[in-house]
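See below for coords-v8.txt, which holds compact mmCIF, C-alpha atoms.
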```txt
# COMPACT_ATOMS: atom_id res chain seq x y z
CA MET A 20 8.54 28.64 27.28
CA GLU A 21 7.98 30.90 24.27
CA ALA A 22 8.53 27.99 21.85
CA THR A 23 6.10 25.86 23.83
CA ASN A 24 3.45 28.56 23.70
CA ARG A 25 3.90 28.91 19.93
CA ALA A 26 3.51 25.16 19.45
CA SER A 27 0.36 25.17 21.59
CA THR A 28 -1.29 28.01 19.64
CA PRO A 29 -3.94 26.68 17.24
CA VAL A 30 -3.10 27.25 13.57
CA THR A 31 -6.51 25.91 12.42
CA PRO A 32 -9.85 26.11 14.28
CA THR A 33 -9.04 22.95 16.29
CA ALA A 34 -5.40 21.98 15.61
CA ARG A 35 -1.93 23.12 16.61
CA LEU A 36 1.28 22.65 14.65
CA LEU A 37 3.10 19.52 15.81
CA LEU A 38 5.89 19.58 13.22
CA PRO A 39 6.52 22.20 10.51
CA ALA A 40 6.64 21.28 6.86
CA GLY A 41 10.10 20.44 5.55
CA ALA A 42 11.25 18.79 8.79
CA PRO A 43 13.74 15.90 8.50
CA GLU A 44 12.22 12.53 7.66
CA ASP A 45 13.23 10.96 10.99
CA ALA A 46 11.42 13.76 12.85
CA TRP A 47 8.37 13.26 10.61
CA ARG A 48 8.34 9.52 11.32
CA ALA A 49 8.61 10.20 15.07
CA ALA A 50 5.68 12.61 14.85
CA ARG A 51 3.57 10.01 13.04
CA GLN A 52 4.03 7.60 15.94
CA GLN A 53 2.39 10.08 18.31
CA GLY A 54 -1.05 9.56 16.83
CA VAL A 55 -3.31 8.35 14.03
CA GLY A 56 -3.03 10.11 10.67
CA GLY A 57 -5.23 10.21 7.61
CA SER A 58 -3.62 7.27 5.83
CA ASP A 59 -4.01 5.18 9.01
CA VAL A 60 -7.77 5.68 9.38
CA ALA A 61 -8.77 3.67 6.30
CA ALA A 62 -6.58 0.79 7.50
CA ILE A 63 -8.17 0.86 10.97
CA LEU A 64 -11.58 0.69 9.30
CA GLY A 65 -10.55 -2.30 7.17
CA MET A 66 -10.45 -0.33 3.91
CA ASP A 67 -6.73 -0.64 3.24
CA GLY A 68 -4.90 -3.39 1.38
CA HIS A 69 -1.55 -3.11 3.14
CA GLY A 70 -2.04 -4.90 6.45
CA GLY A 71 -5.03 -3.23 8.09
CA ALA A 72 -5.27 -2.22 11.73
CA LEU A 73 -2.55 -4.69 12.73
CA ARG A 74 -0.01 -2.93 10.50
CA VAL A 75 -0.94 0.44 11.98
CA TRP A 76 -0.62 -0.95 15.53
CA LEU A 77 2.82 -2.37 14.78
CA GLU A 78 3.95 0.98 13.38
CA LYS A 79 2.61 3.00 16.32
CA THR A 80 4.21 0.64 18.85
CA GLY A 81 7.54 0.54 17.00
CA GLN A 82 7.33 -3.16 16.14
CA ALA A 83 6.73 -3.05 12.38
CA PRO A 84 9.16 -5.25 10.44
CA GLU A 85 11.30 -3.50 7.86
CA ARG A 86 9.86 -3.80 4.41
CA HIS A 87 11.47 -2.82 1.14
CA ASP A 88 8.96 -3.20 -1.67
CA ALA A 89 10.42 -1.59 -4.78
CA ARG A 90 7.01 -1.27 -6.42
CA LEU A 91 5.37 0.44 -3.45
CA GLU A 92 8.37 2.70 -2.87
CA ARG A 93 8.35 3.72 -6.53
CA ALA A 94 4.62 4.44 -6.37
CA ALA A 95 5.13 6.55 -3.23
CA ARG A 96 7.90 8.58 -4.90
CA ARG A 97 5.74 9.04 -7.98
CA GLY A 98 2.80 10.23 -5.90
CA HIS A 99 4.93 12.66 -3.93
CA ARG A 100 6.52 14.19 -7.01
CA LEU A 101 3.18 14.53 -8.81
CA GLU A 102 1.49 16.11 -5.77
CA GLY A 103 2.55 19.61 -6.76
CA LEU A 104 1.38 19.09 -10.34
CA VAL A 105 -2.04 17.88 -9.14
CA ALA A 106 -2.32 20.96 -6.90
CA GLU A 107 -1.33 23.25 -9.79
CA PHE A 108 -3.89 21.72 -12.17
CA PHE A 109 -6.57 21.87 -9.47
CA ALA A 110 -5.92 25.58 -8.87
CA GLU A 111 -6.23 26.28 -12.60
CA GLU A 112 -9.51 24.38 -12.98
CA SER A 113 -11.19 25.30 -9.67
CA GLY A 114 -10.18 28.95 -9.48
CA LEU A 115 -9.24 28.50 -5.81
CA VAL A 116 -5.95 29.59 -4.28
CA VAL A 117 -3.84 26.59 -3.24
CA LEU A 118 -1.59 27.07 -0.22
CA ASP A 119 1.24 24.91 1.08
CA SER A 120 0.44 22.78 4.10
CA PRO A 121 1.90 24.11 7.36
CA GLY A 122 3.08 20.59 8.28
CA THR A 123 1.90 17.94 10.74
CA LEU A 124 -1.14 19.09 12.71
CA GLN A 125 -2.37 17.82 16.09
CA HIS A 126 -5.84 18.27 17.57
CA VAL A 127 -5.77 20.61 20.55
CA ASP A 128 -7.94 18.35 22.76
CA HIS A 129 -7.04 14.93 21.38
CA PRO A 130 -3.25 14.76 20.85
CA HIS A 131 -3.47 11.31 19.20
CA TRP A 132 -5.47 12.85 16.31
CA ILE A 133 -2.93 14.04 13.75
CA ALA A 134 -3.11 15.18 10.13
CA ASN A 135 -0.72 15.83 7.24
CA PRO A 136 -2.89 17.52 4.60
CA ASP A 137 -1.27 17.83 1.18
CA ARG A 138 -2.40 21.42 0.65
CA LEU A 139 -4.91 24.00 1.89
CA THR A 140 -7.29 26.03 -0.28
CA ALA A 141 -8.88 29.48 -0.06
CA PRO A 142 -11.19 31.55 -2.32
CA ASP A 143 -8.45 34.23 -2.50
CA ASP A 144 -5.19 35.16 -0.81
CA GLN A 145 -6.93 37.12 1.96
CA ALA A 146 -9.65 34.62 2.91
CA ARG A 147 -7.79 32.86 5.73
CA ASP A 148 -11.08 32.31 7.60
CA GLU A 149 -12.40 30.18 4.71
CA LEU A 150 -9.60 27.68 4.40
CA GLY A 151 -10.22 24.09 3.36
CA VAL A 152 -8.20 20.89 2.87
CA LEU A 153 -6.92 19.62 -0.48
CA GLU A 154 -5.95 15.98 -0.85
CA CYS A 155 -3.90 15.26 -4.00
CA LYS A 156 -3.71 11.81 -5.59
CA SER A 157 -2.24 10.40 -8.80
CA ARG A 158 -3.52 7.16 -10.29
CA THR A 159 -3.16 5.06 -13.41
CA TRP A 160 -6.44 4.43 -15.20
CA ARG A 161 -6.41 0.82 -13.99
CA SER A 162 -6.02 1.69 -10.31
CA ALA A 163 -8.53 4.55 -10.71
CA ARG A 164 -11.12 2.14 -12.09
CA ILE A 165 -10.61 -0.23 -9.15
CA GLU A 166 -10.75 2.59 -6.60
CA GLY A 167 -13.83 4.19 -8.13
CA TRP A 168 -12.61 7.55 -9.40
CA HIS A 169 -15.15 7.80 -12.20
CA GLY A 170 -18.29 8.02 -10.06
CA GLU A 171 -20.24 11.04 -8.87
CA GLN A 172 -18.67 10.92 -5.39
CA ALA A 173 -15.07 10.82 -4.23
CA PRO A 174 -13.64 7.31 -3.79
CA ASP A 175 -14.02 5.94 -0.27
CA ARG A 176 -10.39 5.84 0.88
CA PRO A 177 -9.32 9.36 -0.13
CA ALA A 178 -12.71 10.66 1.02
CA ILE A 179 -12.18 9.10 4.47
CA GLN A 180 -8.66 10.54 4.58
CA ALA A 181 -9.90 14.03 3.69
CA HIS A 182 -12.71 13.83 6.22
CA TRP A 183 -10.25 12.84 8.92
CA TYR A 184 -8.32 16.00 8.15
CA LEU A 185 -11.56 17.95 8.61
CA THR A 186 -12.04 16.18 11.94
CA VAL A 187 -8.57 17.22 13.12
CA THR A 188 -8.44 20.75 11.70
CA GLY A 189 -12.03 21.86 12.26
CA TYR A 190 -12.31 23.15 8.69
CA ARG A 191 -15.71 23.03 6.98
CA PHE A 192 -14.87 21.58 3.57
CA ALA A 193 -12.26 19.64 1.63
CA HIS A 194 -11.42 18.79 -1.96
CA VAL A 195 -10.07 15.49 -3.28
CA ALA A 196 -8.24 15.86 -6.60
CA GLY A 197 -6.93 12.98 -8.67
CA LEU A 198 -4.69 13.01 -11.72
CA ILE A 199 -5.76 9.92 -13.67
CA ASP A 200 -2.94 9.42 -16.17
CA ASP A 201 -3.18 12.93 -17.71
CA ASP A 202 -6.82 13.68 -16.82
CA LEU A 203 -7.72 15.66 -13.66
CA THR A 204 -10.90 14.91 -11.71
CA TRP A 205 -11.87 16.44 -8.38
CA PHE A 206 -14.64 16.44 -5.77
CA ARG A 207 -15.77 18.84 -3.05
CA LEU A 208 -16.64 17.36 0.37
CA GLU A 209 -18.70 19.27 2.91
CA ARG A 210 -17.96 18.52 6.55
CA ASP A 211 -20.26 15.74 7.83
CA GLU A 212 -20.45 15.94 11.63
CA GLU A 213 -21.84 12.43 11.97
CA LEU A 214 -19.01 10.97 9.89
CA CYS A 215 -16.47 13.00 11.86
CA GLY A 216 -17.90 11.53 15.05
CA LEU A 217 -17.75 7.97 13.72
CA LEU A 218 -14.13 8.39 12.61
CA ALA A 219 -13.17 9.93 15.94
CA ALA A 220 -14.81 7.07 17.87
CA ALA A 221 -13.03 4.43 15.75
CA VAL A 222 -9.65 6.13 16.21
CA ASP A 223 -10.19 6.56 19.96
CA ARG A 224 -11.09 2.87 20.37
CA PHE A 225 -8.03 1.82 18.41
CA TRP A 226 -5.70 4.15 20.33
CA HIS A 227 -6.99 3.46 23.84
CA ASP A 228 -7.82 -0.25 23.46
CA HIS A 229 -4.73 -1.27 21.49
CA VAL A 230 -1.90 1.26 21.24
CA LEU A 231 -1.91 2.43 24.86
CA THR A 232 -2.54 -1.07 26.25
CA GLY A 233 -0.09 -2.81 23.93
CA ILE A 234 -2.80 -5.33 22.94
CA PRO A 235 -2.75 -5.98 19.18
CA PRO A 236 -6.01 -5.83 17.21
CA LYS A 237 -7.28 -9.04 15.65
CA PRO A 238 -5.88 -9.55 12.14
CA ASP A 239 -8.17 -9.14 9.16
CA GLY A 240 -8.45 -11.57 6.25
CA THR A 241 -6.45 -9.70 3.62
CA ALA A 242 -3.47 -11.20 1.82
CA ALA A 243 -1.40 -8.24 3.01
CA THR A 244 -2.02 -9.17 6.66
CA THR A 245 -1.11 -12.79 5.94
CA GLU A 246 2.18 -11.60 4.43
CA LEU A 247 2.73 -9.23 7.36
CA LEU A 248 2.32 -12.03 9.91
CA ALA A 249 4.71 -14.22 7.92
CA ARG A 250 7.38 -11.49 8.08
CA LEU A 251 6.74 -10.50 11.68
CA TRP A 252 8.69 -13.30 13.34
CA ASP A 253 11.63 -15.50 12.38
CA ALA A 254 10.38 -18.99 13.08
CA ARG A 255 12.38 -20.90 15.71
CA GLU A 256 12.86 -24.36 14.26
CA GLU A 257 10.77 -27.00 16.06
CA ALA A 258 9.82 -24.46 18.76
CA ALA A 259 6.43 -24.99 20.42
CA VAL A 260 4.15 -22.56 22.24
CA GLU A 261 1.20 -23.36 24.49
CA VAL A 262 -1.94 -21.60 23.24
CA ASP A 263 -5.31 -20.95 24.84
CA PRO A 264 -7.26 -24.24 24.44
CA VAL A 265 -10.74 -22.70 24.32
CA GLU A 266 -9.93 -20.03 21.73
CA THR A 267 -7.88 -22.46 19.65
CA MET A 268 -10.62 -25.12 19.55
CA LEU A 269 -13.15 -22.43 18.61
CA LEU A 270 -10.88 -21.15 15.83
CA LYS A 271 -10.34 -24.68 14.52
CA GLN A 272 -14.07 -25.33 14.51
CA GLN A 273 -14.76 -22.05 12.68
CA ARG A 274 -12.00 -22.86 10.19
CA ARG A 275 -13.42 -26.32 9.52
CA GLU A 276 -16.95 -24.98 9.01
CA LEU A 277 -15.75 -22.23 6.67
CA ARG A 278 -13.70 -24.68 4.61
CA GLU A 279 -16.77 -26.89 4.25
CA GLN A 280 -18.82 -23.89 3.12
CA ILE A 281 -16.12 -22.86 0.66
CA SER A 282 -16.04 -26.38 -0.77
CA GLU A 283 -19.82 -26.46 -1.17
CA LEU A 284 -20.01 -22.98 -2.65
CA GLY A 285 -17.07 -23.72 -4.95
CA GLY A 286 -18.94 -26.72 -6.36
CA GLU A 287 -22.09 -24.64 -6.87
CA LEU A 288 -20.10 -21.88 -8.56
CA THR A 289 -18.43 -24.34 -10.93
CA SER A 290 -21.82 -25.86 -11.78
CA ILE A 291 -23.24 -22.44 -12.66
CA GLU A 292 -20.18 -21.52 -14.72
CA ASN A 293 -20.31 -24.85 -16.56
CA ARG A 294 -23.94 -24.18 -17.50
CA MET A 295 -22.83 -20.80 -18.88
CA ARG A 296 -20.11 -22.55 -20.89
CA GLN A 297 -22.68 -25.01 -22.17
CA LEU A 298 -24.97 -22.18 -23.32
CA ALA A 299 -22.08 -20.50 -25.16
CA GLY A 300 -21.02 -23.68 -26.95
CA ASP A 301 -18.44 -22.91 -29.62
CA ALA A 302 -19.12 -19.15 -29.51
CA GLU A 303 -16.70 -16.88 -27.68
CA VAL A 304 -19.32 -14.22 -26.87
CA ALA A 305 -22.79 -14.79 -25.37
CA THR A 306 -25.21 -11.93 -26.03
CA ILE A 307 -28.61 -10.73 -24.84
CA GLY A 308 -30.41 -8.48 -27.27
CA GLY A 309 -27.20 -8.09 -29.23
CA ARG A 310 -25.25 -6.86 -26.16
CA PRO A 311 -22.42 -9.01 -24.71
CA ALA A 312 -23.54 -10.80 -21.53
CA TYR A 313 -20.33 -12.78 -20.97
CA THR A 314 -17.44 -14.27 -22.91
CA TRP A 315 -15.75 -17.65 -23.07
CA ARG A 316 -12.65 -16.88 -25.07
CA GLN A 317 -9.70 -19.12 -25.77
CA ASN A 318 -7.26 -16.72 -24.13
CA GLY A 319 -6.40 -18.43 -20.84
CA GLN A 320 -3.20 -20.04 -19.57
CA PHE A 321 -1.29 -22.05 -22.15
CA ALA A 322 -1.43 -25.84 -21.55
CA THR A 323 2.30 -26.49 -21.77
CA ALA A 324 2.23 -30.15 -20.69
CA ARG A 325 -0.54 -31.04 -23.16
CA PHE A 326 1.29 -29.16 -25.94
CA ARG A 327 4.55 -31.04 -25.27
CA GLU A 328 2.77 -34.37 -25.32
CA ALA A 329 0.86 -33.67 -28.53
CA GLU A 330 3.55 -31.73 -30.40
CA PRO A 331 6.95 -32.97 -29.11
CA GLN A 332 9.03 -31.76 -32.10
CA LEU A 333 7.47 -28.30 -32.14
CA ALA A 334 7.73 -28.10 -28.35
CA ALA A 335 11.46 -28.88 -28.54
CA GLU A 336 11.91 -26.14 -31.12
CA TYR A 337 10.25 -23.57 -28.88
CA THR A 338 11.78 -24.65 -25.58
CA ARG A 339 14.36 -22.29 -24.10
CA LEU A 340 16.42 -22.30 -20.93
CA VAL A 341 15.68 -19.60 -18.38
CA PRO A 342 17.73 -18.50 -15.34
CA ALA A 343 16.50 -20.21 -12.17
CA VAL A 344 17.72 -20.38 -8.59
CA ASP A 345 19.07 -23.83 -7.74
CA THR A 346 17.12 -24.14 -4.48
CA ASP A 347 18.28 -27.69 -3.81
CA ARG A 348 21.93 -26.64 -3.89
CA LEU A 349 21.20 -23.50 -1.87
CA ALA A 350 19.44 -25.56 0.81
CA GLN A 351 22.40 -27.93 1.02
CA GLU A 352 25.18 -25.33 1.08
CA HIS A 353 23.41 -22.44 2.91
CA PRO A 354 20.60 -24.01 4.96
CA GLU A 355 20.09 -20.96 7.22
CA ILE A 356 19.65 -18.57 4.30
CA TYR A 357 17.42 -21.07 2.50
CA ARG A 358 15.23 -21.34 5.60
CA LYS A 359 15.07 -17.56 5.96
CA TYR A 360 13.32 -17.17 2.59
CA ARG A 361 10.91 -20.09 2.89
CA ALA A 362 7.27 -19.19 3.41
CA ARG A 363 5.58 -20.14 6.67
CA GLN A 364 2.61 -22.44 6.12
CA LEU A 365 -0.31 -22.87 8.47
CA ARG A 366 -1.32 -26.55 8.64
CA VAL A 367 -4.05 -27.98 10.86
CA PRO A 368 -4.05 -31.78 11.41
CA SER A 369 -7.19 -33.47 10.12
CA GLU A 370 -9.58 -34.61 12.80
CA GLY A 371 -10.96 -38.04 12.17
```
How does this structure look as structure tokens?
Amino acid sequence: MEATNRASTPVTPTARLLLPAGAPEDAWRAARQQGVGGSDVAAILGMDGHGGALRVWLEKTGQAPERHDARLERAARRGHRLEGLVAEFFAEESGLVVLDSPGTLQHVDHPHWIANPDRLTAPDDQARDELGVLECKSRTWRSARIEGWHGEQAPDRPAIQAHWYLTVTGYRFAHVAGLIDDDLTWFRLERDEELCGLLAAAVDRFWHDHVLTGIPPKPDGTAATTELLARLWDAREEAAVEVDPVETMLLKQQRRELREQISELGGELTSIENRMRQLAGDAEVATIGGRPAYTWRQNGQFATARFREAEPQLAAEYTRLVPAVDTDRLAQEHPEIYRKYRARQLRVPSEG
């Protein structure tokens, strides 16, 4: 009973401690399944490039396929190891005291609202009533440029994550700090009650309409979701499933109309780009008032087939053998493994 009372005691204005910092990873993963965390909110809102709301739903319902992406895992390890360095640099530049996070927090009235803030901040060691959230990020200059770290406001995704932590904890302010290569930049966010309400409503809809009911959200149009759906099921060869005729006919009609629009717009785009090429002529840079407006440089993909045809002797001199998987042999000798690694393709019969 005493342990239960301790766990129920708020450690922030509106949150209790669900799991202390330093807990085993399996316990941390189990705690994450109990609610929606900061990294989940951007995905639910369609602002994440790793599978969107469908990925979050699969994770919360224990159905997510195993994924081992060496690049993403390396980036996650890098971010985790640099977190302390970002916090240290932020403390030096801001003059604030940076405190370790207590662990996984859970809202006292909404148990499916959870938060794992990187750090907490205070004006000094004694000011426990003026705590705030610190979100630490590390980025390369390329990813920082894409995410928008060089503006006057914090980038959208880390800002949403930090504001979700304010929603859960009840704190009044947060900081988002980013180490861009070796340059630190940071932003202060004041609690926005309207934004907190919008985030809470979106999370509640997702949790009650999808997680608790077991009904998956509709997939978004990102490449990550397409990949996720391709990995979600092992296709049963020649298996057929009866689908809803009304929804399917509507989807096919929408698909056909969109493809027609894409074709028309693609032709218009090419026409506009060709006119730009025509204006540039043999120049690589087109300028307005001496400032570059656009470029048409000869730096695109190398035309290998044309080169071989026009320069056969030189092409032979610069041709080298490269290691390649013999897919034909693999398909013949290990058909099940070959099938396992083939991509699933969506094909819709043409309608005459």
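Minimum atom-to-atom distance to Glu246 (chain A), evaluated using all atoms listed in the file, belongs to A:Leu73 out of A:Leu73, A:Ala42, A:Leu203, A:Leu284.
With distances restricted to all atoms listed in the file, A:Thr186 is the closest residue to Ala220 (chain A) from A:Arg51, A:Asp143, A:Arg207, A:Thr186.
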**OP:** Identify, on the basis of all atoms listed in the file, every residue whose closest approach to region 58-69 of chain A does not exceed 8 Å; exclude the query and any residue fewer than 4 positions from it along the same chain; express the result as number ranges by chain.
**Re:** A: 74-75, 176, 179-180, 183, 218, 221-222, 225, 239, 241-244
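Across A:Ile199, A:Glu171, A:Ser290, A:Asn318, the tightest approach to Glu303 (chain A) is made by A:Asn318 when counting all atoms listed in the file.
Counting all atoms listed in the file and comparing A:Pro342, A:Ile291, A:Ala72, A:Ala34, the residue that lies closest to Lys237 (chain A) is A:Ala72.
When only C-alpha atoms are used to measure the gap to His194 (chain A), the shortest distance among A:Thr232, A:Gln364, A:Ser162, A:Ser113 belongs to A:Ser113.
From CA of Glu166 (chain A) back to CA of Gly197 (chain A), the distance works out to 11.3 Å.
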**OP:** Work out how far CA of Arg161 (chain A) is from CA of Glu85 (chain A), in Å to one decimal.
**Re:** 28.5 Å
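Taking CA of Tyr337 (chain A) and CA of Gln320 (chain A) as the two end points, the separation is 16.7 Å.
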**OP:** Name all residues at most 12 Å from Trp205 (chain A) (count all atoms listed in the file; drop same-chain ones fewer than 4 positions away) and give them as a list in words.
**Re:** Val105, Ala106, Phe108, Phe109, Ala110, Glu112, Ser113, Leu153, Glu154, Cys155, Lys156, Ser157, Trp168, His169, Gly170, Glu171, Gln172, Ala173, Pro174, Pro177, Ala178, Ala193, His194, Val195, Ala196, Gly197, Leu198 and Ile199 of chain A
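Distances to Tyr313 (chain A) were evaluated for A:Phe326, A:Ala94, A:Thr140, A:Met295 using all atoms listed in the file, and the minimum falls at A:Met295.
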What would the file be for region 218-242 of chain A if you keep N, CA, C and O atoms and write it as a PDB file, in the first residue's frame?
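After the write, result-v2.pdb holds the following:
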```pdb
ATOM      1  N   LEU A 218      -3.606  19.419 -28.381  1.00  0.00           N
ATOM      2  CA  LEU A 218      -2.821  18.185 -28.300  1.00  0.00           C
ATOM      3  C   LEU A 218      -3.549  17.140 -27.472  1.00  0.00           C
ATOM      4  O   LEU A 218      -3.606  15.954 -27.840  1.00  0.00           O
ATOM      5  N   ALA A 219      -4.125  17.560 -26.354  1.00  0.00           N
ATOM      6  CA  ALA A 219      -4.851  16.628 -25.494  1.00  0.00           C
ATOM      7  C   ALA A 219      -6.041  16.022 -26.232  1.00  0.00           C
ATOM      8  O   ALA A 219      -6.300  14.813 -26.134  1.00  0.00           O
ATOM      9  N   ALA A 220      -6.772  16.850 -26.992  1.00  0.00           N
ATOM     10  CA  ALA A 220      -7.934  16.349 -27.729  1.00  0.00           C
ATOM     11  C   ALA A 220      -7.514  15.341 -28.796  1.00  0.00           C
ATOM     12  O   ALA A 220      -8.173  14.307 -28.989  1.00  0.00           O
ATOM     13  N   ALA A 221      -6.408  15.629 -29.507  1.00  0.00           N
ATOM     14  CA  ALA A 221      -5.928  14.713 -30.539  1.00  0.00           C
ATOM     15  C   ALA A 221      -5.492  13.382 -29.939  1.00  0.00           C
ATOM     16  O   ALA A 221      -5.807  12.308 -30.476  1.00  0.00           O
ATOM     17  N   VAL A 222      -4.795  13.440 -28.808  1.00  0.00           N
ATOM     18  CA  VAL A 222      -4.343  12.210 -28.152  1.00  0.00           C
ATOM     19  C   VAL A 222      -5.532  11.419 -27.616  1.00  0.00           C
ATOM     20  O   VAL A 222      -5.589  10.182 -27.746  1.00  0.00           O
ATOM     21  N   ASP A 223      -6.508  12.095 -27.023  1.00  0.00           N
ATOM     22  CA  ASP A 223      -7.696  11.406 -26.507  1.00  0.00           C
ATOM     23  C   ASP A 223      -8.462  10.706 -27.628  1.00  0.00           C
ATOM     24  O   ASP A 223      -8.919   9.566 -27.474  1.00  0.00           O
ATOM     25  N   ARG A 224      -8.631  11.396 -28.765  1.00  0.00           N
ATOM     26  CA  ARG A 224      -9.335  10.773 -29.903  1.00  0.00           C
ATOM     27  C   ARG A 224      -8.597   9.532 -30.359  1.00  0.00           C
ATOM     28  O   ARG A 224      -9.213   8.480 -30.615  1.00  0.00           O
ATOM     29  N   PHE A 225      -7.286   9.655 -30.499  1.00  0.00           N
ATOM     30  CA  PHE A 225      -6.489   8.516 -30.953  1.00  0.00           C
ATOM     31  C   PHE A 225      -6.610   7.357 -29.967  1.00  0.00           C
ATOM     32  O   PHE A 225      -6.821   6.204 -30.373  1.00  0.00           O
ATOM     33  N   TRP A 226      -6.494   7.637 -28.678  1.00  0.00           N
ATOM     34  CA  TRP A 226      -6.496   6.576 -27.670  1.00  0.00           C
ATOM     35  C   TRP A 226      -7.860   5.898 -27.566  1.00  0.00           C
ATOM     36  O   TRP A 226      -7.949   4.664 -27.572  1.00  0.00           O
ATOM     37  N   HIS A 227      -8.914   6.692 -27.495  1.00  0.00           N
ATOM     38  CA  HIS A 227     -10.251   6.134 -27.285  1.00  0.00           C
ATOM     39  C   HIS A 227     -10.848   5.550 -28.572  1.00  0.00           C
ATOM     40  O   HIS A 227     -11.536   4.516 -28.524  1.00  0.00           O
ATOM     41  N   ASP A 228     -10.582   6.191 -29.718  1.00  0.00           N
ATOM     42  CA  ASP A 228     -11.186   5.735 -30.971  1.00  0.00           C
ATOM     43  C   ASP A 228     -10.418   4.600 -31.630  1.00  0.00           C
ATOM     44  O   ASP A 228     -10.983   3.858 -32.438  1.00  0.00           O
ATOM     45  N   HIS A 229      -9.128   4.456 -31.289  1.00  0.00           N
ATOM     46  CA  HIS A 229      -8.317   3.468 -31.986  1.00  0.00           C
ATOM     47  C   HIS A 229      -7.654   2.456 -31.052  1.00  0.00           C
ATOM     48  O   HIS A 229      -7.832   1.252 -31.232  1.00  0.00           O
ATOM     49  N   VAL A 230      -6.913   2.921 -30.062  1.00  0.00           N
ATOM     50  CA  VAL A 230      -6.186   1.974 -29.211  1.00  0.00           C
ATOM     51  C   VAL A 230      -7.151   1.134 -28.387  1.00  0.00           C
ATOM     52  O   VAL A 230      -7.067  -0.108 -28.374  1.00  0.00           O
ATOM     53  N   LEU A 231      -8.084   1.774 -27.699  1.00  0.00           N
ATOM     54  CA  LEU A 231      -9.000   1.025 -26.835  1.00  0.00           C
ATOM     55  C   LEU A 231      -9.984   0.175 -27.639  1.00  0.00           C
ATOM     56  O   LEU A 231     -10.401  -0.891 -27.178  1.00  0.00           O
ATOM     57  N   THR A 232     -10.358   0.621 -28.823  1.00  0.00           N
ATOM     58  CA  THR A 232     -11.309  -0.137 -29.642  1.00  0.00           C
ATOM     59  C   THR A 232     -10.626  -1.190 -30.509  1.00  0.00           C
ATOM     60  O   THR A 232     -11.284  -2.095 -31.016  1.00  0.00           O
ATOM     61  N   GLY A 233      -9.313  -1.045 -30.697  1.00  0.00           N
ATOM     62  CA  GLY A 233      -8.604  -1.971 -31.582  1.00  0.00           C
ATOM     63  C   GLY A 233      -8.798  -1.663 -33.049  1.00  0.00           C
ATOM     64  O   GLY A 233      -8.427  -2.466 -33.905  1.00  0.00           O
ATOM     65  N   ILE A 234      -9.370  -0.504 -33.374  1.00  0.00           N
ATOM     66  CA  ILE A 234      -9.614  -0.122 -34.771  1.00  0.00           C
ATOM     67  C   ILE A 234      -8.434   0.714 -35.258  1.00  0.00           C
ATOM     68  O   ILE A 234      -8.166   1.780 -34.705  1.00  0.00           O
ATOM     69  N   PRO A 235      -7.722   0.269 -36.269  1.00  0.00           N
ATOM     70  CA  PRO A 235      -6.535   1.027 -36.714  1.00  0.00           C
ATOM     71  C   PRO A 235      -6.929   2.345 -37.369  1.00  0.00           C
ATOM     72  O   PRO A 235      -7.985   2.451 -38.012  1.00  0.00           O
ATOM     73  N   PRO A 236      -6.094   3.380 -37.227  1.00  0.00           N
ATOM     74  CA  PRO A 236      -6.336   4.632 -37.948  1.00  0.00           C
ATOM     75  C   PRO A 236      -6.059   4.447 -39.433  1.00  0.00           C
ATOM     76  O   PRO A 236      -5.322   3.526 -39.829  1.00  0.00           O
ATOM     77  N   LYS A 237      -6.624   5.305 -40.250  1.00  0.00           N
ATOM     78  CA  LYS A 237      -6.357   5.221 -41.683  1.00  0.00           C
ATOM     79  C   LYS A 237      -4.901   5.579 -41.944  1.00  0.00           C
ATOM     80  O   LYS A 237      -4.353   6.479 -41.312  1.00  0.00           O
ATOM     81  N   PRO A 238      -4.254   4.872 -42.858  1.00  0.00           N
ATOM     82  CA  PRO A 238      -2.838   5.159 -43.140  1.00  0.00           C
ATOM     83  C   PRO A 238      -2.679   6.501 -43.847  1.00  0.00           C
ATOM     84  O   PRO A 238      -3.567   6.931 -44.594  1.00  0.00           O
ATOM     85  N   ASP A 239      -1.546   7.160 -43.600  1.00  0.00           N
ATOM     86  CA  ASP A 239      -1.256   8.393 -44.308  1.00  0.00           C
ATOM     87  C   ASP A 239      -0.513   8.069 -45.601  1.00  0.00           C
ATOM     88  O   ASP A 239      -0.328   6.906 -45.951  1.00  0.00           O
ATOM     89  N   GLY A 240      -0.082   9.108 -46.311  1.00  0.00           N
ATOM     90  CA  GLY A 240       0.515   8.903 -47.626  1.00  0.00           C
ATOM     91  C   GLY A 240       2.025   8.934 -47.645  1.00  0.00           C
ATOM     92  O   GLY A 240       2.619   9.101 -48.719  1.00  0.00           O
ATOM     93  N   THR A 241       2.674   8.750 -46.506  1.00  0.00           N
ATOM     94  CA  THR A 241       4.133   8.798 -46.481  1.00  0.00           C
ATOM     95  C   THR A 241       4.742   7.492 -46.971  1.00  0.00           C
ATOM     96  O   THR A 241       4.129   6.426 -46.890  1.00  0.00           O
ATOM     97  N   ALA A 242       5.977   7.598 -47.456  1.00  0.00           N
ATOM     98  CA  ALA A 242       6.699   6.398 -47.897  1.00  0.00           C
ATOM     99  C   ALA A 242       6.935   5.448 -46.731  1.00  0.00           C
ATOM    100  O   ALA A 242       6.945   4.229 -46.903  1.00  0.00           O
TER     101      ALA A 242
END
```
